[in-house]
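So this one's query.pdb, PDB, C-alpha atoms:
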MODEL        1
ATOM      1  CA  MET A   1      78.085 120.452 -79.739
ATOM      2  CA  GLU A   2      80.420 123.337 -79.022
ATOM      3  CA  ARG A   3      84.073 122.485 -79.339
ATOM      4  CA  LEU A   4      85.127 122.854 -75.686
ATOM      5  CA  THR A   5      82.128 121.406 -73.880
ATOM      6  CA  LEU A   6      83.960 118.194 -72.916
ATOM      7  CA  GLU A   7      87.486 119.495 -72.512
ATOM      8  CA  GLY A   8      88.954 117.945 -69.366
ATOM      9  CA  TRP A   9      86.217 115.294 -69.121
ATOM     10  CA  LEU A  10      86.767 111.559 -69.682
ATOM     11  CA  PRO A  11      84.209 108.768 -70.126
ATOM     12  CA  ILE A  12      84.216 106.479 -67.089
ATOM     13  CA  ARG A  13      81.144 104.294 -67.684
ATOM     14  CA  VAL A  14      79.055 103.130 -70.626
ATOM     15  CA  TRP A  15      75.798 101.342 -69.913
ATOM     16  CA  GLN A  16      72.212 100.783 -70.980
ATOM     17  CA  GLU A  17      69.368 102.617 -69.285
ATOM     18  CA  ALA A  18      65.770 101.987 -70.358
ATOM     19  CA  GLY A  19      67.068 100.469 -73.585
ATOM     20  CA  GLN A  20      69.290 103.448 -74.404
ATOM     21  CA  TRP A  21      73.069 103.479 -74.179
ATOM     22  CA  GLN A  22      74.474 106.203 -71.960
ATOM     23  CA  VAL A  23      77.911 107.602 -71.110
ATOM     24  CA  ASP A  24      78.958 108.786 -67.660
ATOM     25  CA  TRP A  25      81.721 111.436 -67.705
ATOM     26  CA  CYS A  26      84.134 112.538 -64.981
ATOM     27  CA  TRP A  27      86.194 115.719 -64.707
ATOM     28  CA  PHE A  28      89.960 115.071 -64.777
ATOM     29  CA  GLY A  29      91.153 118.464 -65.972
ATOM     30  CA  ASP A  30      94.840 118.100 -66.847
ATOM     31  CA  THR A  31      95.538 115.354 -64.271
ATOM     32  CA  PRO A  32      97.545 112.557 -65.959
ATOM     33  CA  LEU A  33      96.480 108.921 -65.737
ATOM     34  CA  HIS A  34      99.434 107.578 -63.747
ATOM     35  CA  GLN A  35      97.660 104.918 -61.655
ATOM     36  CA  PRO A  36      98.160 101.202 -62.471
ATOM     37  CA  PHE A  37      94.494 100.878 -63.526
ATOM     38  CA  PHE A  38      92.002 103.324 -65.007
ATOM     39  CA  ARG A  39      89.423 102.470 -62.369
ATOM     40  CA  GLU A  40      91.866 103.688 -59.678
ATOM     41  CA  ALA A  41      92.265 106.996 -61.507
ATOM     42  CA  VAL A  42      88.476 107.278 -61.590
ATOM     43  CA  GLU A  43      88.217 106.603 -57.843
ATOM     44  CA  ASP A  44      90.747 109.368 -57.171
ATOM     45  CA  ALA A  45      88.980 111.809 -59.488
ATOM     46  CA  LEU A  46      85.573 111.142 -57.944
ATOM     47  CA  ARG A  47      86.918 112.293 -54.574
ATOM     48  CA  LEU A  48      87.342 115.822 -55.948
ATOM     49  CA  PRO A  49      84.677 118.205 -54.601
ATOM     50  CA  PHE A  50      83.803 119.264 -58.156
ATOM     51  CA  ASN A  51      82.981 115.697 -59.194
ATOM     52  CA  GLN A  52      80.968 115.141 -56.022
ATOM     53  CA  ALA A  53      78.863 118.199 -56.865
ATOM     54  CA  PHE A  54      78.612 117.803 -60.636
ATOM     55  CA  ARG A  55      78.025 114.685 -62.726
ATOM     56  CA  ARG A  56      77.695 114.564 -66.478
ATOM     57  CA  LYS A  57      75.744 112.016 -68.494
ATOM     58  CA  SER A  58      75.220 111.921 -72.232
ATOM     59  CA  ALA A  59      73.910 109.797 -75.076
ATOM     60  CA  LEU A  60      76.329 107.288 -76.632
ATOM     61  CA  SER A  61      76.409 109.353 -79.838
ATOM     62  CA  THR A  62      78.222 112.090 -77.892
ATOM     63  CA  LEU A  63      81.415 110.027 -78.126
ATOM     64  CA  ALA A  64      81.434 110.288 -81.931
ATOM     65  CA  ASP A  65      80.305 113.927 -81.816
ATOM     66  CA  TRP A  66      83.158 114.849 -79.481
ATOM     67  CA  GLN A  67      85.632 113.057 -81.742
ATOM     68  CA  VAL A  68      84.474 115.205 -84.672
ATOM     69  CA  CYS A  69      84.756 118.385 -82.603
ATOM     70  CA  SER A  70      88.088 117.527 -80.984
ATOM     71  CA  PRO A  71      89.904 114.531 -82.503
ATOM     72  CA  GLY A  72      92.188 112.855 -79.987
ATOM     73  CA  LEU A  73      95.326 110.862 -80.612
ATOM     74  CA  ALA A  74      94.761 107.589 -82.424
ATOM     75  CA  PRO A  75      96.036 104.548 -80.500
ATOM     76  CA  SER A  76      99.718 103.923 -81.153
ATOM     77  CA  ALA A  77      99.779 100.485 -79.489
ATOM     78  CA  PHE A  78      97.477  97.939 -77.870
ATOM     79  CA  ILE A  79      98.620  95.695 -75.020
ATOM     80  CA  PHE A  80      96.835  92.344 -74.735
ATOM     81  CA  HIS A  81      97.820  89.851 -72.068
ATOM     82  CA  ALA A  82      97.076  86.573 -70.317
ATOM     83  CA  SER A  83      96.771  88.336 -66.911
ATOM     84  CA  ARG A  84      99.276  88.373 -64.025
ATOM     85  CA  CYS A  85     102.148  88.398 -66.482
ATOM     86  CA  GLY A  86     103.708  91.864 -66.479
ATOM     87  CA  SER A  87     101.319  93.974 -68.546
ATOM     88  CA  THR A  88     100.901  96.414 -65.651
ATOM     89  CA  LEU A  89     104.685  96.699 -65.405
ATOM     90  CA  ILE A  90     104.870  97.703 -69.068
ATOM     91  CA  SER A  91     102.023 100.204 -68.795
ATOM     92  CA  GLN A  92     103.505 101.761 -65.652
ATOM     93  CA  MET A  93     106.901 102.090 -67.309
ATOM     94  CA  LEU A  94     105.311 103.909 -70.245
ATOM     95  CA  ALA A  95     103.285 106.081 -67.868
ATOM     96  CA  GLN A  96     106.579 107.658 -66.748
ATOM     97  CA  LEU A  97     106.686 109.491 -70.081
ATOM     98  CA  ASP A  98     104.888 112.837 -70.371
ATOM     99  CA  SER A  99     104.628 112.175 -74.097
ATOM    100  CA  HIS A 100     102.483 109.076 -73.531
ATOM    101  CA  ILE A 101      98.868 108.699 -72.486
ATOM    102  CA  VAL A 102      98.489 105.221 -71.000
ATOM    103  CA  VAL A 103      94.973 103.969 -70.291
ATOM    104  CA  SER A 104      94.882 100.646 -68.479
ATOM    105  CA  GLU A 105      91.796  98.417 -68.772
ATOM    106  CA  PRO A 106      89.113 101.133 -69.068
ATOM    107  CA  PRO A 107      85.676  99.592 -68.355
ATOM    108  CA  PRO A 108      83.896 101.687 -71.044
ATOM    109  CA  LEU A 109      86.018 100.110 -73.774
ATOM    110  CA  ASP A 110      85.355  96.599 -72.486
ATOM    111  CA  ALA A 111      81.619  97.348 -72.342
ATOM    112  CA  LEU A 112      81.584  98.533 -75.953
ATOM    113  CA  LEU A 113      83.737  95.698 -77.272
ATOM    114  CA  ARG A 114      81.373  93.100 -75.790
ATOM    115  CA  SER A 115      78.118  94.986 -76.380
ATOM    116  CA  ASP A 116      75.278  93.944 -78.685
ATOM    117  CA  LEU A 117      75.224  97.294 -80.457
ATOM    118  CA  PRO A 118      74.792  97.296 -84.262
ATOM    119  CA  ALA A 119      78.197  96.990 -85.938
ATOM    120  CA  ILE A 120      78.365 100.524 -87.351
ATOM    121  CA  GLU A 121      77.246 102.117 -84.091
ATOM    122  CA  ARG A 122      79.609 100.006 -82.041
ATOM    123  CA  ARG A 123      82.629 100.867 -84.195
ATOM    124  CA  ALA A 124      81.783 104.578 -84.021
ATOM    125  CA  ALA A 125      81.492 104.410 -80.227
ATOM    126  CA  ILE A 126      84.798 102.521 -79.854
ATOM    127  CA  LYS A 127      86.602 105.080 -81.992
ATOM    128  CA  GLY A 128      84.908 107.863 -80.043
ATOM    129  CA  VAL A 129      85.792 106.567 -76.586
ATOM    130  CA  LEU A 130      89.452 106.111 -77.508
ATOM    131  CA  SER A 131      89.506 109.564 -79.089
ATOM    132  CA  ALA A 132      88.214 110.919 -75.760
ATOM    133  CA  TYR A 133      91.054 109.174 -73.913
ATOM    134  CA  GLY A 134      93.500 110.469 -76.515
ATOM    135  CA  GLN A 135      92.785 114.154 -75.858
ATOM    136  CA  ARG A 136      95.953 116.197 -75.326
ATOM    137  CA  ARG A 137      95.044 117.489 -71.867
ATOM    138  CA  LEU A 138      98.637 118.511 -71.032
ATOM    139  CA  GLY A 139      99.510 119.700 -74.515
ATOM    140  CA  MET A 140     102.646 117.542 -74.855
ATOM    141  CA  GLU A 141     101.150 114.107 -75.465
ATOM    142  CA  GLN A 142     102.223 112.341 -78.648
ATOM    143  CA  ARG A 143     101.177 108.710 -78.239
ATOM    144  CA  LEU A 144      98.217 106.795 -76.827
ATOM    145  CA  VAL A 145      98.732 103.275 -75.453
ATOM    146  CA  ILE A 146      95.752 101.154 -74.429
ATOM    147  CA  LYS A 147      96.042  98.105 -72.185
ATOM    148  CA  LEU A 148      92.979  95.914 -72.475
ATOM    149  CA  ASP A 149      91.391  93.429 -70.102
ATOM    150  CA  ALA A 150      92.729  89.897 -70.483
ATOM    151  CA  TRP A 151      89.493  88.513 -71.922
ATOM    152  CA  ASN A 152      89.388  91.209 -74.623
ATOM    153  CA  ILE A 153      91.756  89.142 -76.756
ATOM    154  CA  GLY A 154      88.565  87.673 -78.205
ATOM    155  CA  GLU A 155      87.537  91.109 -79.476
ATOM    156  CA  LEU A 156      90.838  91.827 -81.226
ATOM    157  CA  PRO A 157      89.327  91.391 -84.729
ATOM    158  CA  LEU A 158      86.723  94.061 -83.929
ATOM    159  CA  LEU A 159      89.363  96.423 -82.575
ATOM    160  CA  ARG A 160      91.417  95.914 -85.720
ATOM    161  CA  GLU A 161      88.416  96.847 -87.832
ATOM    162  CA  CYS A 162      88.527 100.205 -86.080
ATOM    163  CA  PHE A 163      92.326 100.591 -85.994
ATOM    164  CA  PRO A 164      93.858  98.277 -88.617
ATOM    165  CA  GLU A 165      97.282  99.968 -88.530
ATOM    166  CA  THR A 166      97.804  99.967 -84.747
ATOM    167  CA  PRO A 167     100.475  97.474 -83.638
ATOM    168  CA  TRP A 168      99.688  95.175 -80.741
ATOM    169  CA  LEU A 169     101.380  92.659 -78.506
ATOM    170  CA  PHE A 170     100.293  89.667 -76.484
ATOM    171  CA  LEU A 171     102.075  89.217 -73.171
ATOM    172  CA  TYR A 172     102.025  85.872 -71.401
ATOM    173  CA  ARG A 173     103.836  83.866 -68.743
ATOM    174  CA  ASP A 174     104.364  80.271 -67.716
ATOM    175  CA  PRO A 175     100.757  79.195 -67.066
ATOM    176  CA  LEU A 176     101.590  77.488 -63.774
ATOM    177  CA  GLU A 177     102.761  80.807 -62.327
ATOM    178  CA  ILE A 178      99.656  82.619 -63.610
ATOM    179  CA  ALA A 179      97.398  79.920 -62.197
ATOM    180  CA  VAL A 180      98.970  80.131 -58.725
ATOM    181  CA  SER A 181      98.402  83.887 -58.722
ATOM    182  CA  HIS A 182      94.712  83.392 -59.497
ATOM    183  CA  LEU A 183      94.356  80.727 -56.830
ATOM    184  CA  ARG A 184      95.779  83.172 -54.305
ATOM    185  CA  ARG A 185      93.597  86.057 -55.426
ATOM    186  CA  PRO A 186      91.370  85.330 -58.412
ATOM    187  CA  GLY A 187      90.917  87.921 -61.103
ATOM    188  CA  MET A 188      87.405  88.808 -62.225
ATOM    189  CA  HIS A 189      87.594  86.462 -65.210
ATOM    190  CA  MET A 190      88.540  83.564 -62.939
ATOM    191  CA  VAL A 191      85.338  83.802 -60.903
ATOM    192  CA  PRO A 192      82.355  82.041 -62.528
ATOM    193  CA  GLY A 193      79.757  84.519 -63.773
ATOM    194  CA  MET A 194      81.700  87.625 -62.727
ATOM    195  CA  ILE A 195      82.396  89.216 -66.130
ATOM    196  CA  GLY A 196      79.473  87.885 -68.159
ATOM    197  CA  ALA A 197      79.830  86.227 -71.557
ATOM    198  CA  SER A 198      83.340  86.209 -73.008
ATOM    199  CA  VAL A 199      85.615  84.251 -75.297
ATOM    200  CA  LEU A 200      86.780  82.260 -72.268
ATOM    201  CA  ASP A 201      83.426  80.543 -71.772
ATOM    202  CA  GLU A 202      82.880  76.844 -72.408
ATOM    203  CA  LYS A 203      79.976  74.516 -71.750
ATOM    204  CA  PHE A 204      81.836  71.716 -70.025
ATOM    205  CA  PRO A 205      81.580  71.408 -66.213
ATOM    206  CA  PHE A 206      84.693  71.847 -64.126
ATOM    207  CA  SER A 207      85.738  69.653 -61.226
ATOM    208  CA  SER A 208      87.692  72.090 -59.039
ATOM    209  CA  ARG A 209      89.027  75.647 -58.841
ATOM    210  CA  GLU A 210      92.291  74.356 -60.266
ATOM    211  CA  ASP A 211      90.458  72.827 -63.203
ATOM    212  CA  TYR A 212      88.415  75.974 -63.848
ATOM    213  CA  ILE A 213      91.397  78.334 -63.724
ATOM    214  CA  ALA A 214      93.563  76.077 -65.891
ATOM    215  CA  ARG A 215      90.824  75.736 -68.513
ATOM    216  CA  ARG A 216      90.185  79.471 -68.663
ATOM    217  CA  LEU A 217      93.899  80.144 -68.822
ATOM    218  CA  GLY A 218      94.310  77.594 -71.602
ATOM    219  CA  ARG A 219      91.613  79.341 -73.634
ATOM    220  CA  LEU A 220      93.282  82.698 -73.041
ATOM    221  CA  LEU A 221      96.634  81.434 -74.272
ATOM    222  CA  ALA A 222      95.043  79.638 -77.227
ATOM    223  CA  GLN A 223      93.231  82.823 -78.218
ATOM    224  CA  GLY A 224      96.433  84.822 -77.938
ATOM    225  CA  LEU A 225      98.229  82.285 -80.098
ATOM    226  CA  ALA A 226      95.507  82.259 -82.745
ATOM    227  CA  GLN A 227      95.313  86.042 -82.912
ATOM    228  CA  CYS A 228      99.102  86.419 -83.107
ATOM    229  CA  ARG A 229      99.143  84.019 -86.027
ATOM    230  CA  ALA A 230      96.173  85.644 -87.758
ATOM    231  CA  PHE A 231      97.001  89.312 -87.222
ATOM    232  CA  GLY A 232     100.745  89.470 -86.677
ATOM    233  CA  GLY A 233     100.830  90.345 -82.986
ATOM    234  CA  LEU A 234     104.123  90.464 -81.110
ATOM    235  CA  ALA A 235     104.392  87.561 -78.642
ATOM    236  CA  VAL A 236     106.205  88.601 -75.441
ATOM    237  CA  ASN A 237     107.082  86.421 -72.456
ATOM    238  CA  TYR A 238     107.141  87.808 -68.915
ATOM    239  CA  SER A 239     110.664  86.421 -68.610
ATOM    240  CA  GLU A 240     111.850  89.139 -71.035
ATOM    241  CA  LEU A 241     110.825  91.947 -68.670
ATOM    242  CA  PRO A 242     111.890  94.524 -67.878
ATOM    243  CA  GLN A 243     115.014  94.301 -70.063
ATOM    244  CA  ALA A 244     112.967  94.125 -73.278
ATOM    245  CA  MET A 245     111.880  97.732 -72.696
ATOM    246  CA  ALA A 246     115.424  98.694 -73.635
ATOM    247  CA  GLY A 247     115.395  96.362 -76.633
ATOM    248  CA  ARG A 248     112.672  95.010 -78.863
ATOM    249  CA  LEU A 249     109.817  96.544 -76.864
ATOM    250  CA  ALA A 250     111.519  99.933 -77.033
ATOM    251  CA  THR A 251     111.456  99.506 -80.800
ATOM    252  CA  PHE A 252     107.828  98.358 -80.701
ATOM    253  CA  PHE A 253     106.782 101.433 -78.685
ATOM    254  CA  ALA A 254     109.060 103.721 -80.745
ATOM    255  CA  LEU A 255     110.997 104.974 -77.714
ATOM    256  CA  ASP A 256     114.004 107.196 -78.285
ATOM    257  CA  VAL A 257     117.251 106.930 -76.322
ATOM    258  CA  GLU A 258     116.158 109.301 -73.553
ATOM    259  CA  GLN A 259     112.743 107.654 -73.193
ATOM    260  CA  ARG A 260     114.377 104.246 -72.844
ATOM    261  CA  LYS A 261     116.193 105.613 -69.792
ATOM    262  CA  GLN A 262     113.095 107.297 -68.337
ATOM    263  CA  VAL A 263     110.892 104.202 -68.400
ATOM    264  CA  PHE A 264     113.239 102.371 -66.065
ATOM    265  CA  ALA A 265     112.657 104.881 -63.267
ATOM    266  CA  THR A 266     109.817 102.723 -61.918
ATOM    267  CA  VAL A 267     111.316  99.251 -62.367
ATOM    268  CA  GLY A 268     112.203  98.884 -58.691
ATOM    269  CA  GLN A 269     108.563  99.333 -57.696
ATOM    270  CA  HIS A 270     105.778  96.795 -57.562
ATOM    271  CA  ALA A 271     103.670  97.546 -60.660
ATOM    272  CA  LYS A 272     100.254  97.131 -59.030
ATOM    273  CA  GLN A 273     101.317  98.577 -55.659
ATOM    274  CA  PRO A 274     103.801 101.378 -56.415
ATOM    275  CA  SER A 275     104.543 101.984 -52.727
ATOM    276  CA  GLN A 276     106.089  98.510 -52.462
ATOM    277  CA  GLY A 277     109.326  97.242 -53.949
ATOM    278  CA  PHE A 278     109.185  94.667 -56.723
ATOM    279  CA  VAL A 279     110.445  91.171 -55.954
ATOM    280  CA  GLY A 280     110.405  88.325 -58.468
ATOM    281  CA  ASP A 281     108.110  85.510 -57.389
ATOM    282  CA  SER A 282     108.362  82.813 -60.060
ATOM    283  CA  ASP A 283     110.226  80.333 -57.856
ATOM    284  CA  ASP A 284     107.802  80.843 -54.951
ATOM    285  CA  LYS A 285     104.812  80.242 -57.187
ATOM    286  CA  ARG A 286     106.265  77.073 -58.614
ATOM    287  CA  ARG A 287     106.938  75.713 -55.128
ATOM    288  CA  GLU A 288     103.414  76.604 -54.054
ATOM    289  CA  ALA A 289     101.685  74.826 -56.932
ATOM    290  CA  SER A 290      99.916  71.612 -55.940
ATOM    291  CA  VAL A 291     100.126  68.331 -57.810
ATOM    292  CA  LEU A 292      96.538  68.854 -58.948
ATOM    293  CA  LEU A 293      97.317  72.313 -60.332
ATOM    294  CA  HIS A 294     100.370  70.969 -62.156
ATOM    295  CA  ASP A 295      98.201  68.279 -63.717
ATOM    296  CA  ARG A 296      95.398  70.641 -64.807
ATOM    297  CA  VAL A 297      97.769  73.268 -66.190
ATOM    298  CA  ASN A 298      99.647  70.627 -68.169
ATOM    299  CA  GLN A 299      96.347  69.288 -69.470
ATOM    300  CA  TRP A 300      94.729  72.575 -70.517
ATOM    301  CA  ALA A 301      97.333  75.328 -70.831
ATOM    302  CA  ARG A 302     100.763  73.887 -71.492
ATOM    303  CA  GLU A 303     100.279  73.233 -75.213
ATOM    304  CA  PRO A 304      99.279  76.787 -76.254
ATOM    305  CA  TYR A 305     102.015  78.185 -74.028
ATOM    306  CA  GLU A 306     104.681  76.107 -75.736
ATOM    307  CA  ALA A 307     103.280  77.087 -79.133
ATOM    308  CA  LEU A 308     103.532  80.757 -78.185
ATOM    309  CA  GLU A 309     107.119  80.192 -77.158
ATOM    310  CA  GLN A 310     107.897  78.670 -80.540
ATOM    311  CA  LEU A 311     106.233  81.613 -82.285
ATOM    312  CA  ARG A 312     108.147  84.132 -80.151
ATOM    313  CA  LYS A 313     111.501  82.565 -80.955
ATOM    314  CA  VAL A 314     111.006  82.426 -84.732
TER
ENDMDL
END
Turn this file's structure into structure tokens for me.
Amino acid sequence: MERLTLEGWLPIRVWQEAGQWQVDWCWFGDTPLHQPFFREAVEDALRLPFNQAFRRKSALSTLADWQVCSPGLAPSAFIFHASRCGSTLISQMLAQLDSHIVVSEPPPLDALLRSDLPAIERRAAIKGVLSAYGQRRLGMEQRLVIKLDAWNIGELPLLRECFPETPWLFLYRDPLEIAVSHLRRPGMHMVPGMIGASVLDEKFPFSSREDYIARRLGRLLAQGLAQCRAFGGLAVNYSELPQAMAGRLATFFALDVEQRKQVFATVGQHAKQPSQGFVGDSDDKRREASVLLHDRVNQWAREPYEALEQLRKV
């Protein structure tokens, strides 16, 4: 492969076709990834006339080949989370910095983490896809931050095999508030069968939406707790945001004095809908929660949440 053949291109999909793993690439040029989610950046890029006229597909091995030809930045931090708990706020704050590449929940990474590829091939592909995202397309990038899907907490050990020195955090929130958010508008992992097999699965039947969401949320928090204990992750509560980005999270992300000021430029905006102002909603969610939801959350998710709180305060 010639050195510049994939300059300006990013992998947007990884899938199997006729038994062979393939990579779909999209032209981004030097456009930064400033949207709340990677899939939104892809949707914007695909509207470009160039991408409507030209598509690029390659074998999975191209990811490793491109890394050899043009090594990208290694990940400087991983953001894991329990969903609906401020991870998008953190990633959008970091996206204000020209020195940071922030990639939020890229589907190709999730596909590789949960694939049935042989171990050596899977690790090579994971390193390759993150190297592709870590390309210095503007020339000033210094750090690469990856926010993963909530259910990827189960694949943390695999990710650490690839990047054992990369620090990571687990962000969470009072489970009752998370559960209300998913009852209003369920995330993919809170819809039965939507994301396929994951660490959140269990064989026991559920009796209601409240029961299903609370059980899945309990498993998410329990996984986060176990991984923090096993691999030294930083436990962070939503209640610390955004102030922690001027304190212990600024230290975690190695932000200098000027960067600590810059990240707060977006705090007044809604993280997932930047055109709207941000308004705290914890009290509203608590008032909205039904007796049944209170009961199921206390049964399935309260214990790991309290354990995370104890770990955070040590």
Hits of the PyMOL selection byres ((chain A and resi 192) around 12) in this structure, as a ChimeraX atom specification: /A:186-191,193-198,200-202,205-206,208-209,212-213,216
Distance query A:Glu309 at most 10 Å, all atoms listed in the file, self and fewer than 2 positions along chain excluded, as a VMD selection string: chain A and resid 172 to 174 225 235 to 237 303 to 307 311 to 314
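Proximity ranking of A:Arg160, A:His294, A:Asp30, A:Trp25 relative to A:Arg136 places A:Asp30 first, based on only C-alpha atoms.
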Hits of the PyMOL selection byres ((chain A and resi 131) around 7) in this structure, as a PyMOL selection string: chain A and resi 67+71-74+127-130+132-135
Hits of the PyMOL selection byres ((chain A and resi 97) around 12) in this structure, as a PyMOL selection string: chain A and resi 32-34+90-96+98-102+140-145+253+255-256+258-266
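Taking atom CA of A:Val103 and atom CA of A:Cys26 as the two end points, the separation is 14.8 Å.
Every protein, DNA or RNA residue with an atom at most 9 Å from A:Asp283, where only C-alpha atoms count and chain neighbours fewer than 4 positions away do not, is listed here: Glu177, Arg287 and Glu288 of chain A.
Comparing the minimum interatomic distances between A:Arg47 and each of A:Leu148, A:Trp168, A:Glu161, A:Trp27, counting all atoms listed in the file, we find that A:Trp27 sits nearest.
A straight line drawn from atom CA of A:Arg248 to atom CA of A:Gln35 is 24.9 Å long.
Note that atom CA of A:Ser76 and atom CA of A:Leu46 are 28.1 Å apart.
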Among listed residues A:Asn152, A:Ser207, A:Thr31, A:Thr88, nearest A:Leu112 (using all atoms listed in the file): A:Asn152
So for stretch 198-211 of chain A, what box centre and size do we get, axis-aligned, 4 Å extra on each of the six sides, every listed atom, Å to one decimal, as lines of an AutoDock Vina configuration file?
center_x = 86.1
center_y = 77.9
center_z = -67.1
size_x = 20.3
size_y = 24.6
size_z = 24.5
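The smallest atom-to-atom distance between A:Val42 and any of A:Leu60, A:Ala230, A:Ile12, A:Ile153, using only C-alpha atoms, is found for A:Ile12.
Take the candidates A:Ala214, A:Met245, A:Ile120, A:Leu169 and check each one against A:Val257 using all atoms listed in the file; the shortest distance goes to A:Met245.
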Starting from the incomplete input, reconstruct N, CA and C atoms of stretch 215-229 of chain A and report them as a short mmCIF file (atom, residue, chain, number, x, y, z; two decimals), in the coordinates of the input.
data_model
loop_
_atom_site.label_atom_id
_atom_site.label_comp_id
_atom_site.auth_asym_id
_atom_site.auth_seq_id
_atom_site.Cartn_x
_atom_site.Cartn_y
_atom_site.Cartn_z
N ARG A 215 91.57 75.73 -67.25
CA ARG A 215 90.82 75.74 -68.51
C ARG A 215 90.70 77.15 -69.07
N ARG A 216 90.33 78.09 -68.21
CA ARG A 216 90.18 79.47 -68.66
C ARG A 216 91.53 80.02 -69.16
N LEU A 217 92.58 79.70 -68.44
CA LEU A 217 93.90 80.14 -68.82
C LEU A 217 94.33 79.52 -70.15
N GLY A 218 94.00 78.25 -70.34
CA GLY A 218 94.31 77.59 -71.60
C GLY A 218 93.61 78.27 -72.77
N ARG A 219 92.35 78.67 -72.57
CA ARG A 219 91.61 79.34 -73.63
C ARG A 219 92.21 80.72 -73.90
N LEU A 220 92.63 81.40 -72.86
CA LEU A 220 93.28 82.70 -73.04
C LEU A 220 94.55 82.57 -73.89
N LEU A 221 95.39 81.62 -73.54
CA LEU A 221 96.63 81.43 -74.27
C LEU A 221 96.36 80.98 -75.70
N ALA A 222 95.38 80.10 -75.88
CA ALA A 222 95.04 79.64 -77.23
C ALA A 222 94.52 80.78 -78.09
N GLN A 223 93.71 81.65 -77.49
CA GLN A 223 93.23 82.82 -78.22
C GLN A 223 94.38 83.75 -78.59
N GLY A 224 95.28 83.98 -77.64
CA GLY A 224 96.43 84.82 -77.94
C GLY A 224 97.27 84.26 -79.07
N LEU A 225 97.48 82.95 -79.04
CA LEU A 225 98.23 82.28 -80.10
C LEU A 225 97.54 82.44 -81.45
N ALA A 226 96.25 82.17 -81.49
CA ALA A 226 95.51 82.26 -82.74
C ALA A 226 95.52 83.67 -83.31
N GLN A 227 95.35 84.66 -82.44
CA GLN A 227 95.31 86.04 -82.91
C GLN A 227 96.70 86.50 -83.37
N CYS A 228 97.75 86.08 -82.67
CA CYS A 228 99.10 86.42 -83.11
C CYS A 228 99.37 85.85 -84.49
N ARG A 229 98.95 84.64 -84.72
CA ARG A 229 99.14 84.02 -86.03
C ARG A 229 98.32 84.71 -87.10
#
